[in-house]
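A short write-up of the structure that comes next.
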Amino acid sequence: MAPSPTFTLPKASPVTHRFISQLQEGEVLRQFFLLRRVEHRRTKDGKPFLDLVLADKTGTLRARVWEEALKRCPTPLVECEFVAVKGRVETYQGALQATLEFIDTVAHLRSQGRALAAFGPDVVHVHEPFAPSTGLWALLGARAPLVATFHSGAEPARLYDALAPVLRRLARRLAVRIAVSEAAARVARRRLGGTFEVIPNGVDTERFAVAEPARLGPGRKLLFVGRLDARKGFRLAV
């Protein structure tokens with residue numbers, strides 16, 4: 001098996017991923033793997049998803065990319081390529097597996113860096129600049145001023161903590177740091193330092209102000225929009 005990939009950050013020590021044999025349920029993945037197997041499948045409802053096997057030198061990890069995340073996959077996936085992934089480790093039928101919200105090939109991400117250099121933008125705005133995706137490659141390759149928006153307010157973040165000394169050096173390249181919430185600002189500030197401007201995600205209120213009410217029938221109804229995260233307050237509703 002090929003060795004696990006090492007991604008070298010400029011003027012910093014190499015950053016390697018957490019090995020599969022070390023993973024535990026609930027951990028967040030933002031790293032690289034060898035893509036051992038790809039299968040295109042469908043749920044009982046006919047919705048498409050990917051059934052993957054990720055690998056490194058310590059073993060393999062089954063992973064799923066469900067329909068919504070599959071729509072965001074920028075390139076076709078080919079077995080035996082290195083891929084960058086973002087997701088979470090879960091337990092399914094007694095074994096660990098990963099549910100991925102992002103996956104792309106390392107080759108495609110490198111091509112994004114070349115495209116960015118050719119375009120020559122005046123300003124580059126990246127989202128979650130330290131996730132192993134297009135934003136990270138833009139951060140590393142851009143020569144224009146960088147604006148970064150941070151979204152994650154999740155704690156604990158063990159990998160974030162471990163990489164903080166390296167990421168702080170990279171964060172010096174950011175001209176403006178934005179967070180979508182106080183929680184996201186707190187998580188990023190704790191690891192990176194610096195000043196963050198909180199700008200919440202926008203909502204087009206005019207679009208909903210003229211919406212026709214749904215006919216849901218008698219009885220109480222509850223609509224919850226958001227992740228099932230403690231800070232979202234779902235427990236207060238139920």
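FYI, nothing fancy with the structure tokens labels: chains A, B, ... in order, residues from 1 per chain, ligands from 1 as they appear.
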query: So which residues touch region 63-70 of chain A within 12 Å, counting only C-alpha atoms, skipping near sequence neighbours fewer than 3 positions away, as a count of residues only?
result: 47
Taking the DSSP secondary structure from the backbone, can you list the residues of region 68-117 of chain A that are helix (DSSP H, G or I), as a PDB file with N, CA and C atoms, in the first residue's frame?
ATOM      1  N   GLU A  68     -26.835  14.859  -0.812  1.00  0.00           N
ATOM      2  CA  GLU A  68     -26.565  16.294  -0.769  1.00  0.00           C
ATOM      3  C   GLU A  68     -25.075  16.581  -0.895  1.00  0.00           C
ATOM      4  N   ALA A  69     -24.253  15.802  -0.189  1.00  0.00           N
ATOM      5  CA  ALA A  69     -22.805  15.993  -0.293  1.00  0.00           C
ATOM      6  C   ALA A  69     -22.299  15.574  -1.668  1.00  0.00           C
ATOM      7  N   LEU A  70     -22.930  14.570  -2.249  1.00  0.00           N
ATOM      8  CA  LEU A  70     -22.519  14.089  -3.568  1.00  0.00           C
ATOM      9  C   LEU A  70     -22.660  15.183  -4.621  1.00  0.00           C
ATOM     10  N   VAL A 106      -6.646  15.085  -4.694  1.00  0.00           N
ATOM     11  CA  VAL A 106      -5.532  16.003  -4.486  1.00  0.00           C
ATOM     12  C   VAL A 106      -5.111  16.624  -5.817  1.00  0.00           C
ATOM     13  N   ALA A 107      -5.168  15.835  -6.889  1.00  0.00           N
ATOM     14  CA  ALA A 107      -4.785  16.353  -8.207  1.00  0.00           C
ATOM     15  C   ALA A 107      -5.682  17.519  -8.619  1.00  0.00           C
ATOM     16  N   HIS A 108      -6.986  17.402  -8.362  1.00  0.00           N
ATOM     17  CA  HIS A 108      -7.900  18.483  -8.734  1.00  0.00           C
ATOM     18  C   HIS A 108      -7.655  19.725  -7.891  1.00  0.00           C
ATOM     19  N   LEU A 109      -7.394  19.543  -6.606  1.00  0.00           N
ATOM     20  CA  LEU A 109      -7.132  20.687  -5.746  1.00  0.00           C
ATOM     21  C   LEU A 109      -5.875  21.432  -6.189  1.00  0.00           C
ATOM     22  N   ARG A 110      -4.864  20.693  -6.617  1.00  0.00           N
ATOM     23  CA  ARG A 110      -3.654  21.344  -7.117  1.00  0.00           C
ATOM     24  C   ARG A 110      -3.949  22.151  -8.376  1.00  0.00           C
ATOM     25  N   SER A 111      -4.817  21.622  -9.233  1.00  0.00           N
ATOM     26  CA  SER A 111      -5.165  22.354 -10.455  1.00  0.00           C
ATOM     27  C   SER A 111      -5.899  23.645 -10.125  1.00  0.00           C
ATOM     28  N   GLN A 112      -6.658  23.653  -9.002  1.00  0.00           N
ATOM     29  CA  GLN A 112      -7.334  24.875  -8.587  1.00  0.00           C
ATOM     30  C   GLN A 112      -6.326  25.969  -8.255  1.00  0.00           C
ATOM     31  N   GLY A 113      -5.210  25.571  -7.641  1.00  0.00           N
ATOM     32  CA  GLY A 113      -4.166  26.543  -7.333  1.00  0.00           C
ATOM     33  C   GLY A 113      -3.578  27.166  -8.589  1.00  0.00           C
ATOM     34  N   ARG A 114      -3.377  26.348  -9.620  1.00  0.00           N
ATOM     35  CA  ARG A 114      -2.849  26.874 -10.882  1.00  0.00           C
ATOM     36  C   ARG A 114      -3.851  27.813 -11.544  1.00  0.00           C
ATOM     37  N   ALA A 115      -5.141  27.466 -11.469  1.00  0.00           N
ATOM     38  CA  ALA A 115      -6.173  28.320 -12.053  1.00  0.00           C
ATOM     39  C   ALA A 115      -6.242  29.664 -11.332  1.00  0.00           C
ATOM     40  N   LEU A 116      -6.072  29.629 -10.024  1.00  0.00           N
ATOM     41  CA  LEU A 116      -6.103  30.864  -9.242  1.00  0.00           C
ATOM     42  C   LEU A 116      -4.958  31.782  -9.648  1.00  0.00           C
ATOM     43  N   ALA A 117      -3.776  31.209  -9.835  1.00  0.00           N
ATOM     44  CA  ALA A 117      -2.625  32.017 -10.236  1.00  0.00           C
ATOM     45  C   ALA A 117      -2.835  32.637 -11.614  1.00  0.00           C
TER      46      ALA A 117
END
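Atom pair CA of Glu128 (chain A) / CA of Leu140 (chain A) has a distance of 13.1 Å (rounded to one decimal).
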- request: Rounded to one decimal place, report the CA of Pro165 (chain A)-CA of Ala184 (chain A) distance in Å.
  value: 18.7 Å
- request: Write down as number ranges by chain the residues belonging to region 57-163 of chain A that are assigned strand (DSSP E) by DSSP computed on the backbone.
  value: A: 59-65, 82-92, 95-105, 124-127, 146-150
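Proximity ranking of A:Phe130, A:Phe19, A:Phe224, A:Phe150 relative to Val187 (chain A) places A:Phe150 first, based on only C-alpha atoms.
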